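What follows is the content of entry-v3.txt (compact mmCIF, C-alpha atoms).
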# COMPACT_ATOMS: atom_id res chain seq x y z
CA MET W 235 0.00 0.00 0.00
CA GLY W 236 2.41 2.64 1.16
CA ASN W 237 6.13 3.00 1.41
CA LYS W 238 6.26 2.36 5.16
CA LYS W 239 9.28 0.72 6.68
CA GLU W 240 8.59 -2.66 8.23
CA GLY W 241 8.93 -1.41 11.84
CA ALA W 242 7.82 2.19 11.44
CA SER W 243 4.99 1.86 13.95
CA LEU W 244 7.22 0.17 16.54
CA PRO W 245 8.29 2.54 19.32
CA GLU W 246 11.94 3.51 19.24
CA LYS W 247 12.62 1.83 22.60
CA ARG W 248 11.41 -1.52 21.25
CA MET W 249 13.49 -1.19 18.07
CA ASP W 250 16.63 -0.83 20.18
CA SER W 251 15.76 -3.95 22.14
CA LEU W 252 15.24 -6.32 19.19
CA GLU W 253 17.06 -9.57 19.65
CA GLU W 254 19.52 -10.77 17.04
CA GLY W 255 17.70 -12.03 13.96
CA GLU W 256 14.36 -10.64 15.13
CA THR W 257 12.41 -8.45 12.74
CA ALA W 258 10.23 -5.56 13.75
CA MET W 259 7.11 -7.48 12.70
CA SER W 260 8.01 -10.53 14.79
CA ALA W 261 8.65 -8.22 17.74
CA LEU W 262 5.17 -6.76 17.29
CA ALA W 263 3.69 -10.25 17.40
CA LYS W 264 5.30 -10.94 20.79
CA PRO W 265 3.83 -8.73 23.52
CA ALA W 266 6.38 -7.29 25.93
CA SER W 267 5.38 -8.83 29.22
CA THR W 268 8.22 -8.64 31.65
CA ALA W 269 9.63 -5.73 33.54
CA LYS W 270 13.05 -7.37 33.13
CA LYS W 271 13.05 -6.69 29.40
CA TYR W 272 11.63 -3.20 29.83
CA PRO W 273 12.92 -1.72 33.07
CA ILE W 274 10.61 0.37 35.20
CA PRO W 275 12.05 3.82 35.95
CA ASP W 276 13.25 4.34 39.49
CA LYS W 277 10.58 6.88 40.40
CA LEU W 278 8.16 6.87 43.31
CA TYR W 279 5.13 7.49 41.09
CA LEU W 280 4.40 7.17 37.39
CA LYS W 281 1.52 8.79 35.53
CA ILE W 282 -0.84 6.73 33.37
CA GLY W 283 0.85 7.84 30.13
CA GLU W 284 4.25 6.71 31.40
CA VAL W 285 2.82 3.36 32.49
CA ALA W 286 1.12 2.97 29.11
CA GLU W 287 4.41 3.61 27.32
CA ILE W 288 6.40 1.23 29.54
CA THR W 289 3.89 -1.62 29.42
CA GLY W 290 2.60 -1.18 25.89
CA VAL W 291 -0.98 -1.06 27.22
CA LYS W 292 -3.16 1.88 26.18
CA PRO W 293 -4.42 4.20 28.96
CA TYR W 294 -8.08 3.31 28.38
CA VAL W 295 -7.19 -0.38 28.83
CA LEU W 296 -5.35 0.42 32.07
CA ARG W 297 -8.45 2.25 33.34
CA TYR W 298 -10.62 -0.71 32.34
CA TRP W 299 -8.30 -3.15 34.14
CA GLU W 300 -8.69 -1.04 37.29
CA SER W 301 -12.41 -1.82 37.20
CA GLU W 302 -11.85 -5.54 36.56
CA PHE W 303 -8.83 -6.17 38.81
CA LYS W 304 -9.43 -4.50 42.18
CA MET W 305 -5.78 -5.08 43.12
CA VAL W 306 -4.81 -2.52 40.44
CA ASN W 307 -5.60 0.55 42.46
CA PRO W 308 -3.27 3.49 41.76
CA SER W 309 -3.42 6.43 44.12
CA LYS W 310 -4.65 9.72 42.75
CA SER W 311 -3.13 13.16 43.00
CA ARG W 312 -5.05 16.23 44.10
CA SER W 313 -5.75 16.88 40.44
CA ARG W 314 -7.19 13.31 40.18
CA GLN W 315 -4.35 11.98 38.02
CA ARG W 316 -3.57 8.31 38.50
CA LEU W 317 -0.24 7.72 40.20
CA TYR W 318 1.15 4.22 39.78
CA ARG W 319 3.84 2.73 41.98
CA LYS W 320 6.45 0.27 40.76
CA SER W 321 4.45 -2.60 42.29
CA ASP W 322 1.38 -1.48 40.30
CA VAL W 323 3.40 -1.54 37.07
CA GLU W 324 4.75 -5.02 37.86
CA LEU W 325 1.19 -6.21 38.44
CA ILE W 326 0.12 -4.69 35.11
CA PHE W 327 2.91 -6.61 33.37
CA LYS W 328 1.63 -9.80 35.04
CA ILE W 329 -1.97 -9.11 33.99
CA LYS W 330 -0.81 -8.41 30.45
CA GLU W 331 1.12 -11.68 30.38
CA LEU W 332 -1.87 -13.67 31.66
CA LEU W 333 -4.31 -12.09 29.21
CA TYR W 334 -2.22 -11.71 26.06
CA GLU W 335 0.38 -14.47 26.24
CA ASP W 336 -1.23 -17.17 28.37
CA ARG W 337 -4.67 -16.37 26.85
CA TYR W 338 -6.59 -16.31 30.14
CA THR W 339 -10.03 -14.72 30.27
CA ILE W 340 -10.41 -11.77 32.64
CA ASN W 341 -12.13 -14.01 35.19
CA GLY W 342 -9.43 -16.65 34.77
CA ALA W 343 -6.64 -14.09 35.16
CA ARG W 344 -8.33 -12.65 38.25
CA LYS W 345 -8.54 -16.13 39.78
CA LYS W 346 -4.92 -16.93 38.87
CA LEU W 347 -3.69 -13.69 40.45
CA ARG W 348 -5.57 -14.52 43.66
CA GLU W 349 -3.97 -17.98 43.66
CA MET W 350 -0.57 -16.32 43.25
CA GLY W 351 -1.24 -14.13 46.28
CA TYR W 352 -1.85 -10.80 44.56
CA GLY W 353 -4.32 -8.55 46.32
CA LYS W 354 -3.94 -10.16 49.73
CA ILE W 355 -3.08 -7.96 52.64
CA THR W 356 -1.12 -9.78 55.26
CA GLN W 357 -0.21 -8.58 58.71
CA PRO W 358 3.44 -9.26 59.41
CA GLU W 359 3.99 -11.11 62.65
CA LEU W 360 5.90 -9.24 65.31
CA GLN W 361 9.25 -10.75 66.12
CA PHE W 362 10.51 -10.41 69.68
CA GLU W 363 14.20 -10.62 70.30
CA ASP W 364 13.88 -11.67 73.88
CA GLN W 365 11.23 -13.03 76.21
CA ASP W 366 11.20 -9.87 78.34
CA SER W 367 9.69 -7.88 75.46
CA ARG W 368 7.01 -10.51 74.98
CA LYS W 369 6.25 -10.50 78.70
CA VAL W 370 5.86 -6.70 78.73
CA LEU W 371 3.56 -6.84 75.72
CA ASP W 372 1.40 -9.51 77.37
CA GLU W 373 1.12 -7.35 80.49
CA VAL W 374 0.06 -4.31 78.44
CA ILE W 375 -2.56 -6.39 76.64
CA GLN W 376 -3.92 -7.65 79.97
CA GLU W 377 -4.09 -4.10 81.38
CA LEU W 378 -5.95 -2.91 78.28
CA ARG W 379 -8.48 -5.72 78.66
CA GLU W 380 -9.03 -4.76 82.30
CA LEU W 381 -9.56 -1.13 81.29
CA GLU W 382 -12.02 -2.21 78.64
CA GLN W 383 -14.00 -4.13 81.27
CA LEU W 384 -14.09 -1.05 83.54
CA LEU W 385 -15.43 1.12 80.72
CA ARG W 386 -18.34 -1.24 79.96
As structure tokens, the full file:
Amino acid sequence: MGNKKEGASLPEKRMDSLEEGETAMSALAKPASTAKKYPIPDKLYLKIGEVAEITGVKPYVLRYWESEFKMVNPSKSRSRQRLYRKSDVELIFKIKELLYEDRYTINGARKKLREMGYGKITQPELQFEDQDSRKVLDEVIQELRELEQLLR
């Protein structure tokens, strides 16, 4: 049709990362799924456009995934812009891999992520270095319970 180069629509970053013997078209056929191949910038927060560029997922798809995967929950700035953390971007790469490479449905990907432990909030257990600390904590807990009984 036109005089386009084979990889003209491929972003410049991807062109630089082509493996030996790989053409631009074969690179387009393989979705970029891992943060290892495309490093995430060392910033505290990334805006939706930056995340879209890094992951190769359009912003409207990222917003849709937020509604489907409750564990994708970027914070928002005062101006209501989405602010993604590095962990959010890693999760987006995982979702992309499950949907596009492993061919899971959205429900299947959601279930698989839950099985893998994504979205679970765990309370770390307190570690006491010596028994005296544990004894003091137990005494404080007992005193609080006694106070609670007095207030009832």
**Report entry** Residue among W:Val370, W:Leu385, W:Ile288, W:Ile329 lying closest to Ile274 of chain W, counting only C-alpha atoms
**Finding:**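 Result for the nearest residue to Ile274 of chain W: W:Ile288.
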Query raised in the report: Interatomic distance between atom CA of Leu332 of chain W and atom CA of Arg344 of chain W?
Result: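 That distance, rounded to one decimal, is 9.3 Å.
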Query - Two-atom distance - atom CA of Thr289 of chain W, atom CA of Glu302 of chain W (Å) - result: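 Separation between atom CA of Thr289 of chain W and atom CA of Glu302 of chain W: 17.7 Å.
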Query raised in the report: So how far away is atom CA of Asp322 of chain W from atom CA of Pro308 of chain W, in Å?
Result: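 Between these atoms lies a distance of 7.0 Å.
The closest residue to Asn341 of chain W, picked from W:Phe303, W:Ser321, W:Lys328, W:Glu382 and counting all atoms listed in the file, is W:Phe303.
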For Val285 of chain W, find every residue with an atom within 12 Å (counting all atoms listed in the file), except residues of its own chain fewer than 5 positions away, and show them as a PDB file with C-alpha atoms, in the coordinates of the input.
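Result file follows (out_31.pdb):
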ATOM      1  CA  ALA W 269       9.630  -5.730  33.540  1.00  0.00           C
ATOM      2  CA  TYR W 272      11.630  -3.200  29.830  1.00  0.00           C
ATOM      3  CA  PRO W 273      12.920  -1.720  33.070  1.00  0.00           C
ATOM      4  CA  ILE W 274      10.610   0.370  35.200  1.00  0.00           C
ATOM      5  CA  PRO W 275      12.050   3.820  35.950  1.00  0.00           C
ATOM      6  CA  LYS W 277      10.580   6.880  40.400  1.00  0.00           C
ATOM      7  CA  TYR W 279       5.130   7.490  41.090  1.00  0.00           C
ATOM      8  CA  LEU W 280       4.400   7.170  37.390  1.00  0.00           C
ATOM      9  CA  GLY W 290       2.600  -1.180  25.890  1.00  0.00           C
ATOM     10  CA  VAL W 291      -0.980  -1.060  27.220  1.00  0.00           C
ATOM     11  CA  LYS W 292      -3.160   1.880  26.180  1.00  0.00           C
ATOM     12  CA  PRO W 293      -4.420   4.200  28.960  1.00  0.00           C
ATOM     13  CA  TYR W 294      -8.080   3.310  28.380  1.00  0.00           C
ATOM     14  CA  VAL W 295      -7.190  -0.380  28.830  1.00  0.00           C
ATOM     15  CA  LEU W 296      -5.350   0.420  32.070  1.00  0.00           C
ATOM     16  CA  ARG W 297      -8.450   2.250  33.340  1.00  0.00           C
ATOM     17  CA  PRO W 308      -3.270   3.490  41.760  1.00  0.00           C
ATOM     18  CA  ARG W 316      -3.570   8.310  38.500  1.00  0.00           C
ATOM     19  CA  LEU W 317      -0.240   7.720  40.200  1.00  0.00           C
ATOM     20  CA  TYR W 318       1.150   4.220  39.780  1.00  0.00           C
ATOM     21  CA  ARG W 319       3.840   2.730  41.980  1.00  0.00           C
ATOM     22  CA  LYS W 320       6.450   0.270  40.760  1.00  0.00           C
ATOM     23  CA  SER W 321       4.450  -2.600  42.290  1.00  0.00           C
ATOM     24  CA  ASP W 322       1.380  -1.480  40.300  1.00  0.00           C
ATOM     25  CA  VAL W 323       3.400  -1.540  37.070  1.00  0.00           C
ATOM     26  CA  GLU W 324       4.750  -5.020  37.860  1.00  0.00           C
ATOM     27  CA  LEU W 325       1.190  -6.210  38.440  1.00  0.00           C
ATOM     28  CA  ILE W 326       0.120  -4.690  35.110  1.00  0.00           C
ATOM     29  CA  PHE W 327       2.910  -6.610  33.370  1.00  0.00           C
TER      30      PHE W 327
END
Requested in this report: Could you tell me which of W:Ser313, W:Ser301, W:Arg379, W:Ile282 comes closest to Ile340 of chain W if we count only C-alpha atoms?
Outcome: W:Ser301
Output as JSON the centre and edge lengths (Å, one decimal) of the box along x, y and z of the file that holds every listed atom of segment 290-304 of chain W after adding 8 Å on each side.
{"center_x": -4.9, "center_y": -1.0, "center_z": 34.0, "size_x": 31.0, "size_y": 26.4, "size_z": 32.3}
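With distances restricted to all atoms listed in the file, W:Lys281 is the closest residue to Arg314 of chain W from W:Leu384, W:Lys354, W:Asp276, W:Lys281.
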